file my_file_38.cif (mmCIF, C-alpha atoms (C1' of nucleotides))
data_upload
#
loop_
_atom_site.group_PDB
_atom_site.id
_atom_site.type_symbol
_atom_site.label_atom_id
_atom_site.label_comp_id
_atom_site.auth_asym_id
_atom_site.auth_seq_id
_atom_site.Cartn_x
_atom_site.Cartn_y
_atom_site.Cartn_z
ATOM 1 C CA MET A 1 0.000 0.000 0.000
ATOM 2 C CA THR A 2 1.306 3.423 -0.911
ATOM 3 C CA PRO A 3 0.841 5.851 1.951
ATOM 4 C CA MET A 4 -1.703 8.639 1.596
ATOM 5 C CA PRO A 5 -0.168 11.827 0.287
ATOM 6 C CA GLU A 6 1.123 13.895 3.167
ATOM 7 C CA LEU A 7 3.929 16.444 3.022
ATOM 8 C CA PRO A 8 6.758 13.988 2.154
ATOM 9 C CA GLU A 9 4.739 12.338 -0.616
ATOM 10 C CA VAL A 10 3.696 15.706 -2.041
ATOM 11 C CA GLU A 11 7.298 16.901 -1.904
ATOM 12 C CA HIS A 12 8.327 13.799 -3.820
ATOM 13 C CA VAL A 13 5.719 14.587 -6.491
ATOM 14 C CA ARG A 14 6.876 18.213 -6.587
ATOM 15 C CA ARG A 15 10.429 17.147 -7.389
ATOM 16 C CA MET A 16 9.203 14.767 -10.037
ATOM 17 C CA LEU A 17 7.045 17.420 -11.689
ATOM 18 C CA HIS A 18 9.790 20.020 -11.372
ATOM 19 C CA ALA A 19 12.042 17.829 -13.497
ATOM 20 C CA ALA A 20 9.277 17.039 -15.987
ATOM 21 C CA MET A 21 7.611 20.432 -16.418
ATOM 22 C CA THR A 22 9.901 23.362 -15.596
ATOM 23 C CA GLY A 23 10.602 25.469 -18.697
ATOM 24 C CA ALA A 24 8.084 23.608 -20.850
ATOM 25 C CA ARG A 25 4.805 24.976 -22.190
ATOM 26 C CA PHE A 26 1.366 23.429 -22.015
ATOM 27 C CA THR A 27 0.763 22.321 -25.614
ATOM 28 C CA ARG A 28 -2.528 20.601 -24.913
ATOM 29 C CA VAL A 29 -4.670 20.173 -21.792
ATOM 30 C CA VAL A 30 -7.264 17.410 -21.779
ATOM 31 C CA LEU A 31 -9.982 17.095 -19.131
ATOM 32 C CA ASN A 32 -11.691 13.727 -19.089
ATOM 33 C CA ARG A 33 -14.402 14.973 -16.786
ATOM 34 C CA LYS A 34 -15.790 18.281 -15.584
ATOM 35 C CA ASP A 35 -14.846 17.985 -11.938
ATOM 36 C CA LEU A 36 -12.709 16.260 -9.309
ATOM 37 C CA ARG A 37 -13.502 17.142 -5.697
ATOM 38 C CA HIS A 38 -14.713 20.473 -7.116
ATOM 39 C CA PRO A 39 -15.522 21.602 -10.670
ATOM 40 C CA PHE A 40 -12.546 22.761 -12.700
ATOM 41 C CA PRO A 41 -12.424 26.572 -12.983
ATOM 42 C CA ARG A 42 -13.873 28.223 -16.084
ATOM 43 C CA ARG A 43 -11.810 27.883 -19.256
ATOM 44 C CA PHE A 44 -9.258 25.854 -17.275
ATOM 45 C CA ALA A 45 -7.619 24.270 -20.315
ATOM 46 C CA ASP A 46 -7.637 27.524 -22.313
ATOM 47 C CA ARG A 47 -6.019 29.447 -19.520
ATOM 48 C CA LEU A 48 -3.187 26.934 -19.234
ATOM 49 C CA ARG A 49 -2.501 26.361 -22.907
ATOM 50 C CA GLY A 50 0.539 28.203 -24.232
ATOM 51 C CA GLN A 51 1.815 29.141 -20.776
ATOM 52 C CA ALA A 52 5.276 28.055 -19.692
ATOM 53 C CA VAL A 53 6.028 26.566 -16.285
ATOM 54 C CA ARG A 54 8.347 28.852 -14.336
ATOM 55 C CA ARG A 55 8.705 26.726 -11.268
ATOM 56 C CA LEU A 56 7.058 24.163 -9.057
ATOM 57 C CA SER A 57 6.625 24.734 -5.363
ATOM 58 C CA ARG A 58 4.747 23.182 -2.490
ATOM 59 C CA ARG A 59 2.779 24.652 0.382
ATOM 60 C CA GLY A 60 1.667 22.061 2.909
ATOM 61 C CA LYS A 61 0.015 19.358 0.838
ATOM 62 C CA TYR A 62 -0.665 21.730 -2.064
ATOM 63 C CA LEU A 63 1.369 21.811 -5.259
ATOM 64 C CA LEU A 64 1.837 25.199 -6.931
ATOM 65 C CA VAL A 65 2.770 25.583 -10.571
ATOM 66 C CA GLU A 66 3.960 29.121 -11.268
ATOM 67 C CA LEU A 67 3.021 30.079 -14.830
ATOM 68 C CA SER A 68 4.664 32.476 -17.264
ATOM 69 C CA ARG A 69 1.762 34.966 -17.159
ATOM 70 C CA GLY A 70 2.133 35.166 -13.392
ATOM 71 C CA ASP A 71 -0.877 33.158 -12.305
ATOM 72 C CA HIS A 72 -0.703 29.792 -10.539
ATOM 73 C CA LEU A 73 -2.054 26.325 -11.030
ATOM 74 C CA VAL A 74 -2.991 24.995 -7.579
ATOM 75 C CA MET A 75 -3.255 21.228 -7.150
ATOM 76 C CA HIS A 76 -4.053 18.845 -4.307
ATOM 77 C CA LEU A 77 -3.620 15.071 -4.480
ATOM 78 C CA GLY A 78 -6.452 14.292 -2.096
ATOM 79 C CA MET A 79 -6.036 10.736 -0.902
ATOM 80 C CA THR A 80 -5.392 8.726 -4.013
ATOM 81 C CA GLY A 81 -4.120 11.272 -6.543
ATOM 82 C CA TRP A 82 -0.792 10.909 -8.305
ATOM 83 C CA PHE A 83 0.982 11.872 -11.518
ATOM 84 C CA ARG A 84 2.441 9.776 -14.297
ATOM 85 C CA VAL A 85 5.131 11.182 -16.604
ATOM 86 C CA GLU A 86 5.572 9.583 -20.033
ATOM 87 C CA GLN A 87 7.057 10.304 -23.433
ATOM 88 C CA THR A 88 4.264 11.717 -25.591
ATOM 89 C CA ASN A 89 5.290 9.916 -28.789
ATOM 90 C CA ARG A 90 5.583 6.536 -27.070
ATOM 91 C CA LEU A 91 2.185 7.073 -25.515
ATOM 92 C CA ARG A 92 0.643 7.668 -28.955
ATOM 93 C CA ALA A 93 2.172 4.530 -30.419
ATOM 94 C CA LYS A 94 1.192 2.326 -27.529
ATOM 95 C CA ARG A 95 -1.571 -0.222 -27.656
ATOM 96 C CA LEU A 96 -2.989 -0.625 -24.193
ATOM 97 C CA MET A 97 -3.093 -3.988 -22.518
ATOM 98 C CA ALA A 98 -6.299 -4.805 -20.651
ATOM 99 C CA ASP A 99 -4.852 -4.259 -17.174
ATOM 100 C CA GLU A 100 -3.264 -1.000 -18.284
ATOM 101 C CA ALA A 101 -6.538 0.290 -19.659
ATOM 102 C CA LEU A 102 -8.074 -0.530 -16.303
ATOM 103 C CA GLU A 103 -5.418 1.509 -14.584
ATOM 104 C CA ARG A 104 -5.970 4.459 -16.937
ATOM 105 C CA ARG A 105 -9.674 4.582 -16.311
ATOM 106 C CA HIS A 106 -9.067 7.152 -13.568
ATOM 107 C CA ASP A 107 -6.861 9.453 -15.664
ATOM 108 C CA HIS A 108 -8.751 12.731 -15.283
ATOM 109 C CA VAL A 109 -6.336 15.416 -16.482
ATOM 110 C CA ILE A 110 -3.672 15.183 -19.181
ATOM 111 C CA PHE A 111 -1.003 17.844 -19.701
ATOM 112 C CA VAL A 112 0.823 17.465 -23.019
ATOM 113 C CA MET A 113 3.979 19.540 -22.643
ATOM 114 C CA SER A 114 6.155 21.148 -25.325
ATOM 115 C CA SER A 115 9.113 19.109 -24.042
ATOM 116 C CA GLY A 116 7.686 15.908 -25.483
ATOM 117 C CA LEU A 117 6.524 14.699 -22.090
ATOM 118 C CA THR A 118 2.954 14.009 -21.079
ATOM 119 C CA VAL A 119 1.971 14.483 -17.438
ATOM 120 C CA THR A 120 -1.187 12.658 -16.388
ATOM 121 C CA PHE A 121 -3.155 13.159 -13.188
ATOM 122 C CA THR A 122 -4.879 9.992 -12.061
ATOM 123 C CA ASP A 123 -7.075 9.769 -8.976
ATOM 124 C CA PRO A 124 -9.496 6.852 -8.380
ATOM 125 C CA ARG A 125 -11.400 8.483 -5.557
ATOM 126 C CA ARG A 126 -11.361 11.999 -6.988
ATOM 127 C CA PHE A 127 -10.615 13.705 -3.676
ATOM 128 C CA GLY A 128 -7.973 15.666 -5.547
ATOM 129 C CA MET A 129 -8.342 19.267 -6.651
ATOM 130 C CA MET A 130 -7.097 21.605 -9.385
ATOM 131 C CA ASP A 131 -7.681 25.335 -9.463
ATOM 132 C CA LEU A 132 -6.184 28.549 -10.816
ATOM 133 C CA ALA A 133 -5.137 31.464 -8.620
ATOM 134 C CA ALA A 134 -3.683 34.910 -9.251
ATOM 135 C CA GLY A 135 -0.821 34.584 -6.751
ATOM 136 C CA HIS A 136 0.831 31.835 -4.725
ATOM 137 C CA ASP A 137 -0.839 32.940 -1.500
ATOM 138 C CA THR A 138 -4.102 34.351 -2.813
ATOM 139 C CA HIS A 139 -5.837 31.003 -3.052
ATOM 140 C CA SER A 140 -8.295 30.707 -0.161
ATOM 141 C CA SER A 141 -7.167 27.200 0.839
ATOM 142 C CA ILE A 142 -3.513 28.212 0.895
ATOM 143 C CA ALA A 143 -3.995 31.580 2.587
ATOM 144 C CA THR A 144 -5.299 29.873 5.728
ATOM 145 C CA LEU A 145 -2.454 27.365 6.090
ATOM 146 C CA GLY A 146 -0.212 27.404 9.140
ATOM 147 C CA PRO A 147 3.608 27.487 8.905
ATOM 148 C CA GLU A 148 5.643 25.063 6.839
ATOM 149 C CA PRO A 149 6.873 22.456 9.338
ATOM 150 C CA LEU A 150 10.373 22.334 7.841
ATOM 151 C CA SER A 151 10.854 26.104 7.911
ATOM 152 C CA ARG A 152 12.417 28.210 10.682
ATOM 153 C CA ASP A 153 9.018 29.817 11.201
ATOM 154 C CA PHE A 154 7.862 26.564 12.693
ATOM 155 C CA ASN A 155 9.400 26.424 16.154
ATOM 156 C CA ALA A 156 8.325 25.662 19.727
ATOM 157 C CA ARG A 157 7.065 29.167 20.351
ATOM 158 C CA ALA A 158 4.989 29.248 17.166
ATOM 159 C CA LEU A 159 3.413 25.855 17.867
ATOM 160 C CA ALA A 160 2.696 26.659 21.510
ATOM 161 C CA THR A 161 1.078 29.956 20.525
ATOM 162 C CA ALA A 162 -1.033 28.356 17.818
ATOM 163 C CA CYS A 163 -2.258 25.726 20.305
ATOM 164 C CA ALA A 164 -2.537 28.073 23.300
ATOM 165 C CA LYS A 165 -6.315 28.299 23.582
ATOM 166 C CA ARG A 166 -7.275 25.211 21.641
ATOM 167 C CA ARG A 167 -9.086 22.672 23.778
ATOM 168 C CA ILE A 168 -8.453 19.823 21.414
ATOM 169 C CA ALA A 169 -6.348 16.672 21.604
ATOM 170 C CA LEU A 170 -2.746 17.025 20.404
ATOM 171 C CA LYS A 171 -3.291 14.490 17.610
ATOM 172 C CA VAL A 172 -6.272 16.473 16.328
ATOM 173 C CA ALA A 173 -4.264 19.703 16.523
ATOM 174 C CA LEU A 174 -1.511 18.248 14.322
ATOM 175 C CA LEU A 175 -4.100 17.392 11.675
ATOM 176 C CA ASP A 176 -5.359 20.989 11.641
ATOM 177 C CA GLN A 177 -3.676 22.542 8.588
ATOM 178 C CA SER A 178 -4.054 26.038 10.035
ATOM 179 C CA ILE A 179 -1.837 25.096 13.007
ATOM 180 C CA VAL A 180 0.897 23.473 10.925
ATOM 181 C CA ALA A 181 0.671 22.632 7.225
ATOM 182 C CA GLY A 182 1.262 19.256 5.628
ATOM 183 C CA ILE A 183 0.846 16.705 8.421
ATOM 184 C CA GLY A 184 -1.730 13.957 7.886
ATOM 185 C CA ASN A 185 -2.922 10.987 9.871
ATOM 186 C CA ILE A 186 0.223 8.871 9.498
ATOM 187 C CA TYR A 187 2.884 11.423 10.400
ATOM 188 C CA ALA A 188 0.777 12.864 13.238
ATOM 189 C CA SER A 189 0.967 9.485 15.012
ATOM 190 C CA GLU A 190 4.630 9.083 14.058
ATOM 191 C CA ALA A 191 5.697 12.482 15.403
ATOM 192 C CA LEU A 192 3.812 12.110 18.688
ATOM 193 C CA HIS A 193 5.447 8.748 19.303
ATOM 194 C CA LEU A 194 8.936 10.058 18.579
ATOM 195 C CA ALA A 195 8.266 13.009 20.936
ATOM 196 C CA ARG A 196 6.842 10.602 23.579
ATOM 197 C CA LEU A 197 3.687 12.724 23.887
ATOM 198 C CA SER A 198 0.192 11.314 24.354
ATOM 199 C CA PRO A 199 -2.148 11.945 21.416
ATOM 200 C CA PHE A 200 -4.922 12.600 23.973
ATOM 201 C CA ARG A 201 -3.099 15.381 25.742
ATOM 202 C CA ASN A 202 -4.787 18.757 25.494
ATOM 203 C CA ALA A 203 -3.051 20.873 22.852
ATOM 204 C CA SER A 204 -3.087 23.951 25.067
ATOM 205 C CA THR A 205 -0.790 22.200 27.562
ATOM 206 C CA LEU A 206 2.146 22.769 25.207
ATOM 207 C CA PHE A 207 2.013 26.319 26.453
ATOM 208 C CA ALA A 208 3.114 26.860 30.082
ATOM 209 C CA GLN A 209 1.646 29.396 32.517
ATOM 210 C CA SER A 210 4.867 31.358 32.234
ATOM 211 C CA GLY A 211 3.969 32.098 28.616
ATOM 212 C CA ARG A 212 6.745 29.892 27.296
ATOM 213 C CA PRO A 213 6.529 26.576 25.479
ATOM 214 C CA ARG A 214 6.909 23.508 27.676
ATOM 215 C CA PRO A 215 9.791 21.063 26.994
ATOM 216 C CA GLY A 216 7.378 18.642 25.306
ATOM 217 C CA CYS A 217 6.564 21.297 22.745
ATOM 218 C CA LYS A 218 10.188 21.591 21.706
ATOM 219 C CA ARG A 219 10.431 17.803 21.467
ATOM 220 C CA LEU A 220 7.311 17.716 19.324
ATOM 221 C CA VAL A 221 8.612 20.334 16.887
ATOM 222 C CA ALA A 222 11.912 18.457 16.584
ATOM 223 C CA ALA A 223 10.052 15.171 16.128
ATOM 224 C CA ILE A 224 7.798 16.577 13.386
ATOM 225 C CA LYS A 225 10.809 17.889 11.474
ATOM 226 C CA ALA A 226 12.742 14.646 11.945
ATOM 227 C CA VAL A 227 9.869 12.402 10.877
ATOM 228 C CA LEU A 228 9.105 14.475 7.770
ATOM 229 C CA ARG A 229 12.767 14.885 6.750
ATOM 230 C CA ARG A 230 13.395 11.182 7.132
ATOM 231 C CA ALA A 231 10.360 10.336 5.020
ATOM 232 C CA ILE A 232 11.477 12.708 2.240
ATOM 233 C CA THR A 233 14.998 11.268 2.241
ATOM 234 C CA LEU A 234 13.632 7.743 2.250
ATOM 235 C CA LYS A 235 11.486 8.442 -0.803
ATOM 236 C CA GLU A 236 14.366 9.919 -2.745
ATOM 237 C CA SER A 237 16.482 6.878 -2.000
ATOM 238 C CA GLU A 238 13.765 4.448 -3.112
ATOM 239 C CA ARG A 239 14.308 2.498 0.093
ATOM 240 C CA TYR A 240 10.855 3.494 1.335
ATOM 241 C CA ARG A 241 9.303 0.372 -0.129
ATOM 242 C CA GLU A 242 10.898 -1.780 2.528
ATOM 243 C CA SER A 243 10.688 0.834 5.285
ATOM 244 C CA ARG A 244 8.000 0.840 7.932
ATOM 245 C CA PHE A 245 6.533 3.381 10.282
ATOM 246 C CA ARG A 246 7.278 3.618 14.002
ATOM 247 C CA VAL A 247 3.670 3.121 15.093
ATOM 248 C CA TYR A 248 1.332 3.481 12.121
ATOM 249 C CA ASP A 249 -0.247 0.147 11.187
ATOM 250 C CA ARG A 250 1.708 -1.592 13.965
ATOM 251 C CA ASP A 251 -1.020 -2.211 16.531
ATOM 252 C CA GLY A 252 -0.261 -5.201 18.725
ATOM 253 C CA GLU A 253 3.483 -4.932 18.079
ATOM 254 C CA ALA A 254 6.171 -4.016 20.598
ATOM 255 C CA CYS A 255 6.929 -0.331 21.067
ATOM 256 C CA LEU A 256 10.184 0.742 19.390
ATOM 257 C CA THR A 257 11.128 3.343 21.982
ATOM 258 C CA PRO A 258 14.436 2.179 23.549
ATOM 259 C CA GLY A 259 13.792 0.635 26.951
ATOM 260 C CA CYS A 260 10.001 0.768 26.594
ATOM 261 C CA ARG A 261 8.119 -2.511 27.064
ATOM 262 C CA GLY A 262 4.772 -1.172 25.851
ATOM 263 C CA THR A 263 2.610 -2.376 22.975
ATOM 264 C CA ILE A 264 1.294 -0.222 20.148
ATOM 265 C CA GLU A 265 -2.455 0.293 20.285
ATOM 266 C CA ARG A 266 -4.894 1.527 17.714
ATOM 267 C CA VAL A 267 -7.551 3.882 19.014
ATOM 268 C CA TRP A 268 -10.204 6.105 17.460
ATOM 269 C CA GLN A 269 -9.863 9.877 17.636
ATOM 270 C CA ALA A 270 -12.100 12.432 15.873
ATOM 271 C CA GLY A 271 -13.083 9.821 13.312
ATOM 272 C CA ARG A 272 -9.508 8.731 12.587
ATOM 273 C CA ALA A 273 -7.247 5.902 13.664
ATOM 274 C CA THR A 274 -4.480 6.903 16.059
ATOM 275 C CA TYR A 275 -1.568 4.551 16.794
ATOM 276 C CA TYR A 276 0.358 5.052 20.024
ATOM 277 C CA CYS A 277 2.069 3.509 23.031
ATOM 278 C CA ARG A 278 0.355 4.331 26.296
ATOM 279 C CA VAL A 279 3.475 3.412 28.279
ATOM 280 C CA CYS A 280 5.991 5.901 26.893
ATOM 281 C CA GLN A 281 3.696 8.552 25.418
ATOM 282 C CA ARG A 282 2.602 10.909 28.191
ATOM 283 C "C1'" DC B 1 -16.783 30.738 18.216
ATOM 284 C "C1'" DT B 2 -15.407 26.082 18.645
ATOM 285 C "C1'" DG B 3 -15.224 21.429 18.185
ATOM 286 C "C1'" DT B 4 -17.431 17.156 16.528
ATOM 287 C "C1'" DG B 5 -19.590 14.424 12.972
ATOM 288 C "C1'" DT B 6 -20.754 13.628 8.166
ATOM 289 C "C1'" DT B 7 -19.874 13.565 3.366
ATOM 290 C "C1'" DC B 8 -17.507 12.732 -0.834
ATOM 291 C "C1'" DC B 9 -15.391 8.384 -3.478
ATOM 292 C "C1'" DT B 10 -13.575 3.597 -4.898
ATOM 293 C "C1'" DG B 11 -10.031 -0.049 -4.208
ATOM 294 C "C1'" DT B 12 -8.788 -3.330 -0.871
ATOM 295 C "C1'" DT B 13 -9.499 -6.308 2.916
ATOM 296 C "C1'" DC B 14 -12.187 -9.003 5.939
ATOM 297 C "C1'" DG B 15 -15.685 -12.257 7.612
ATOM 298 C "C1'" DC B 16 -19.321 -15.388 6.821
ATOM 299 C "C1'" DT C 1 -15.150 -19.514 -3.571
ATOM 300 C "C1'" DG C 2 -18.111 -15.572 -3.644
ATOM 301 C "C1'" DC C 3 -20.210 -11.710 -1.977
ATOM 302 C "C1'" DG C 4 -21.294 -7.844 0.672
ATOM 303 C "C1'" DA C 5 -19.797 -4.964 4.519
ATOM 304 C "C1'" DA C 6 -16.306 -2.434 6.573
ATOM 305 C "C1'" DC C 7 -12.458 0.376 6.130
ATOM 306 C "C1'" DA C 8 -9.066 3.856 4.552
ATOM 307 C "C1'" DG C 9 -8.805 9.507 5.259
ATOM 308 C "C1'" DG C 10 -8.063 15.212 3.348
ATOM 309 C "C1'" DA C 11 -10.831 18.888 3.420
ATOM 310 C "C1'" DA C 12 -15.220 21.215 3.440
ATOM 311 C "C1'" DC C 13 -19.341 21.790 5.490
ATOM 312 C "C1'" DA C 14 -23.418 21.205 8.751
ATOM 313 C "C1'" DC C 15 -24.639 21.559 13.206
ATOM 314 C "C1'" DA C 16 -24.955 21.790 18.382
#
call {"tool": "encode", "arguments": {"input": "my_file_38.cif", "output": "structure tokens"}}
result
Amino acid sequence: MTPMPELPEVEHVRRMLHAAMTGARFTRVVLNRKDLRHPFPRRFADRLRGQAVRRLSRRGKYLLVELSRGDHLVMHLGMTGWFRVEQTNRLRAKRLMADEALERRHDHVIFVMSSGLTVTFTDPRRFGMMDLAAGHDTHSSIATLGPEPLSRDFNARALATACAKRRIALKVALLDQSIVAGIGNIYASEALHLARLSPFRNASTLFAQSGRPRPGCKRLVAAIKAVLRRAITLKESERYRESRFRVYDRDGEACLTPGCRGTIERVWQAGRATYYCRVCQR
DNA sequence: CTGTGTTCCTGTTCGC
DNA sequence: TGCGAACAGGAACACA
């Protein structure tokens, strides 16, 4: 099973698309349906055609394609979205095998680029999204995002402040994209385990009476950065196929924290599965 | 306002 | 072996 797209997966896609699209123009844009999660914006294909790709960036789980006229293509992978990059001429010549045709049944958007590459967005569950925006931070979904977890802006003070008056569980807070951008269900559990913090702990307790972040808050920030960085590195090295998570999908197994004799449990929190060790996570 | 629950969607897994 | 039910969850929205 490929993990759901969270920040590391989206970053991997960004790098892939950067290599495939930067400098090239949209020669042809094909929409195989009129919507994904939301309808495509008006004249979507027309507004892309002829534009060159200046650069590809990422904000949280959103991909941003900066276009030559200055506007931006905003994309989200949802839960099952991904991109395929192929040589356009080989694609034309190809006769599809039955299983391949089955796989292509969820190809919703096709970008034929001037470079001779075709970039296809495929998404079985159609939770993905594509939109156009004037600037990189003018899109409503992106404007409300919290700090990038791997930036300097994301530190213990910033996290403690963002959580200060929130009476929600820590795990739920990490999933809130306005508190910190890019963390999903898997890495929320992973980071809390590495930081040895209980997912049930009230988020506001990261902030001490003295107005300073508690030690756990600093550990959590470090753990989030470590978990995300490791996942990005792992993907680049292609070793991620054999890698496993610390707690995610490990219920019933022994806790990996050195010296801890606990067992990983799976519990239900705000409609989501949370994996944790009740012995070392406090 | 704030937090919880539901909805969208389909491929995969599980139990009978 | 086959079939239906349960499950997976990002983000938006309804609602108390």
call {"tool": "residues_around", "arguments": {"input": "my_file_38.cif", "residues": "range 5-11 of chain B", "least_positions_apart": "3", "cutoff": "12 Å", "atoms": "all atoms listed in the file", "output": "PyMOL selection string"}}
result
(chain A and resi 1+36-38+78-80+103+106+123-128+269-272) or (chain C and resi 7-16)
call {"tool": "residues_around", "arguments": {"input": "my_file_38.cif", "residues": "range 113-115 of chain A", "least_positions_apart": "5", "cutoff": "9 Å", "atoms": "all atoms listed in the file", "output": "number ranges by chain"}}
result
A: 20-21, 23-29, 52, 88
call {"tool": "write_last_selection", "arguments": {"input": "my_file_38.cif", "atoms": "C-alpha atoms", "output": "PDB file, in the coordinates of the input"}}
result
ATOM      1  CA  ALA A  20       9.277  17.039 -15.987  1.00  0.00           C
ATOM      2  CA  MET A  21       7.611  20.432 -16.418  1.00  0.00           C
ATOM      3  CA  GLY A  23      10.602  25.469 -18.697  1.00  0.00           C
ATOM      4  CA  ALA A  24       8.084  23.608 -20.850  1.00  0.00           C
ATOM      5  CA  ARG A  25       4.805  24.976 -22.190  1.00  0.00           C
ATOM      6  CA  PHE A  26       1.366  23.429 -22.015  1.00  0.00           C
ATOM      7  CA  THR A  27       0.763  22.321 -25.614  1.00  0.00           C
ATOM      8  CA  ARG A  28      -2.528  20.601 -24.913  1.00  0.00           C
ATOM      9  CA  VAL A  29      -4.670  20.173 -21.792  1.00  0.00           C
ATOM     10  CA  ALA A  52       5.276  28.055 -19.692  1.00  0.00           C
ATOM     11  CA  THR A  88       4.264  11.717 -25.591  1.00  0.00           C
TER      12      THR A  88
END
call {"tool": "residues_around", "arguments": {"input": "my_file_38.cif", "residues": "range 5-11 of chain A", "least_positions_apart": "3", "cutoff": "9 Å", "atoms": "only C-alpha atoms (C1' of nucleotides)", "output": "PyMOL selection string"}}
result
chain A and resi 2+14-16+57-63+76-82+181-187+228-233+235
call {"tool": "closest_residue", "arguments": {"input": "my_file_38.cif", "among": "A:Arg201, A:Arg244, A:Arg166, A:Lys218", "to": "chain B", "atoms": "only C-alpha atoms (C1' of nucleotides)"}}
result
A:Arg166
call {"tool": "resolve_selection", "arguments": {"input": "my_file_38.cif", "expression": "the PyMOL selection byres ((chain C and resi 6) around 10)", "output": "mmCIF file with C-alpha atoms (C1' of nucleotides), in the coordinates of the input"}}
result
data_model
loop_
_atom_site.group_PDB
_atom_site.id
_atom_site.type_symbol
_atom_site.label_atom_id
_atom_site.label_comp_id
_atom_site.auth_asym_id
_atom_site.auth_seq_id
_atom_site.Cartn_x
_atom_site.Cartn_y
_atom_site.Cartn_z
ATOM 1 C "C1'" DT B 13 -9.499 -6.308 2.916
ATOM 2 C "C1'" DC B 14 -12.187 -9.003 5.939
ATOM 3 C "C1'" DG B 15 -15.685 -12.257 7.612
ATOM 4 C "C1'" DG C 4 -21.294 -7.844 0.672
ATOM 5 C "C1'" DA C 5 -19.797 -4.964 4.519
ATOM 6 C "C1'" DC C 7 -12.458 0.376 6.130
ATOM 7 C "C1'" DA C 8 -9.066 3.856 4.552
#
call {"tool": "axis_aligned_box", "arguments": {"input": "my_file_38.cif", "around": "range 225-239 of chain A", "padding_each_side": "6 Å", "output": "JSON"}}
result
{"center_x": 12.8, "center_y": 10.2, "center_z": 4.4, "size_x": 19.4, "size_y": 27.4, "size_z": 27.1}
call {"tool": "atom_distance", "arguments": {"input": "my_file_38.cif", "atom1": "CA of Val13 in chain A", "atom2": "CA of Ala162 in chain A"}}
result
28.7 Å
call {"tool": "resolve_selection", "arguments": {"input": "my_file_38.cif", "expression": "the PyMOL selection byres ((chain A and resi 188-191) around 7)", "output": "mmCIF file with C-alpha atoms, in the frame of the given file"}}
result
data_model
loop_
_atom_site.group_PDB
_atom_site.id
_atom_site.type_symbol
_atom_site.label_atom_id
_atom_site.label_comp_id
_atom_site.auth_asym_id
_atom_site.auth_seq_id
_atom_site.Cartn_x
_atom_site.Cartn_y
_atom_site.Cartn_z
ATOM 1 C CA LYS A 171 -3.291 14.490 17.610
ATOM 2 C CA LEU A 174 -1.511 18.248 14.322
ATOM 3 C CA LEU A 175 -4.100 17.392 11.675
ATOM 4 C CA ILE A 183 0.846 16.705 8.421
ATOM 5 C CA GLY A 184 -1.730 13.957 7.886
ATOM 6 C CA ASN A 185 -2.922 10.987 9.871
ATOM 7 C CA ILE A 186 0.223 8.871 9.498
ATOM 8 C CA TYR A 187 2.884 11.423 10.400
ATOM 9 C CA LEU A 192 3.812 12.110 18.688
ATOM 10 C CA HIS A 193 5.447 8.748 19.303
ATOM 11 C CA LEU A 194 8.936 10.058 18.579
ATOM 12 C CA ALA A 195 8.266 13.009 20.936
ATOM 13 C CA LEU A 220 7.311 17.716 19.324
ATOM 14 C CA ALA A 223 10.052 15.171 16.128
ATOM 15 C CA ILE A 224 7.798 16.577 13.386
ATOM 16 C CA VAL A 227 9.869 12.402 10.877
ATOM 17 C CA ARG A 246 7.278 3.618 14.002
ATOM 18 C CA VAL A 247 3.670 3.121 15.093
ATOM 19 C CA TYR A 248 1.332 3.481 12.121
ATOM 20 C CA THR A 274 -4.480 6.903 16.059
ATOM 21 C CA TYR A 275 -1.568 4.551 16.794
ATOM 22 C CA TYR A 276 0.358 5.052 20.024
#
call {"tool": "atom_distance", "arguments": {"input": "my_file_38.cif", "atom1": "CA of Arg167 in chain A", "atom2": "C1' of DG3 in chain B"}}
result
8.4 Å
call {"tool": "resolve_selection", "arguments": {"input": "my_file_38.cif", "expression": "the PyMOL selection byres ((chain A and resi 104) around 12)", "output": "PyMOL selection string"}}
result
chain A and resi 32+82-84+96-103+105-110+120-124
call {"tool": "closest_residue", "arguments": {"input": "my_file_38.cif", "among": "A:Glu148, A:Glu86, A:Asp176, A:Asp153", "to": "chain B", "atoms": "all atoms listed in the file"}}
result
A:Asp176
call {"tool": "atom_distance", "arguments": {"input": "my_file_38.cif", "atom1": "CA of Ser198 in chain A", "atom2": "CA of Val172 in chain A"}}
result
11.5 Å
call {"tool": "closest_residue", "arguments": {"input": "my_file_38.cif", "among": "A:Val112, A:Ala160, A:Ala134, A:Val53", "to": "Leu67 in chain A", "atoms": "only C-alpha atoms"}}
result
A:Val53
call {"tool": "decode", "arguments": {"input": "my_file_38.cif", "residues": "chain B", "atoms": "C-alpha atoms (C1' of nucleotides)", "output": "mmCIF file, in the first residue's frame"}}
result
data_model
loop_
_atom_site.group_PDB
_atom_site.id
_atom_site.type_symbol
_atom_site.label_atom_id
_atom_site.label_comp_id
_atom_site.auth_asym_id
_atom_site.auth_seq_id
_atom_site.Cartn_x
_atom_site.Cartn_y
_atom_site.Cartn_z
ATOM 1 C "C1'" DC B 1 -16.783 30.738 18.216
ATOM 2 C "C1'" DT B 2 -15.407 26.082 18.645
ATOM 3 C "C1'" DG B 3 -15.224 21.429 18.185
ATOM 4 C "C1'" DT B 4 -17.431 17.156 16.528
ATOM 5 C "C1'" DG B 5 -19.590 14.424 12.972
ATOM 6 C "C1'" DT B 6 -20.754 13.628 8.166
ATOM 7 C "C1'" DT B 7 -19.874 13.565 3.366
ATOM 8 C "C1'" DC B 8 -17.507 12.732 -0.834
ATOM 9 C "C1'" DC B 9 -15.391 8.384 -3.478
ATOM 10 C "C1'" DT B 10 -13.575 3.597 -4.898
ATOM 11 C "C1'" DG B 11 -10.031 -0.049 -4.208
ATOM 12 C "C1'" DT B 12 -8.788 -3.330 -0.871
ATOM 13 C "C1'" DT B 13 -9.499 -6.308 2.916
ATOM 14 C "C1'" DC B 14 -12.187 -9.003 5.939
ATOM 15 C "C1'" DG B 15 -15.685 -12.257 7.612
ATOM 16 C "C1'" DC B 16 -19.321 -15.388 6.821
#
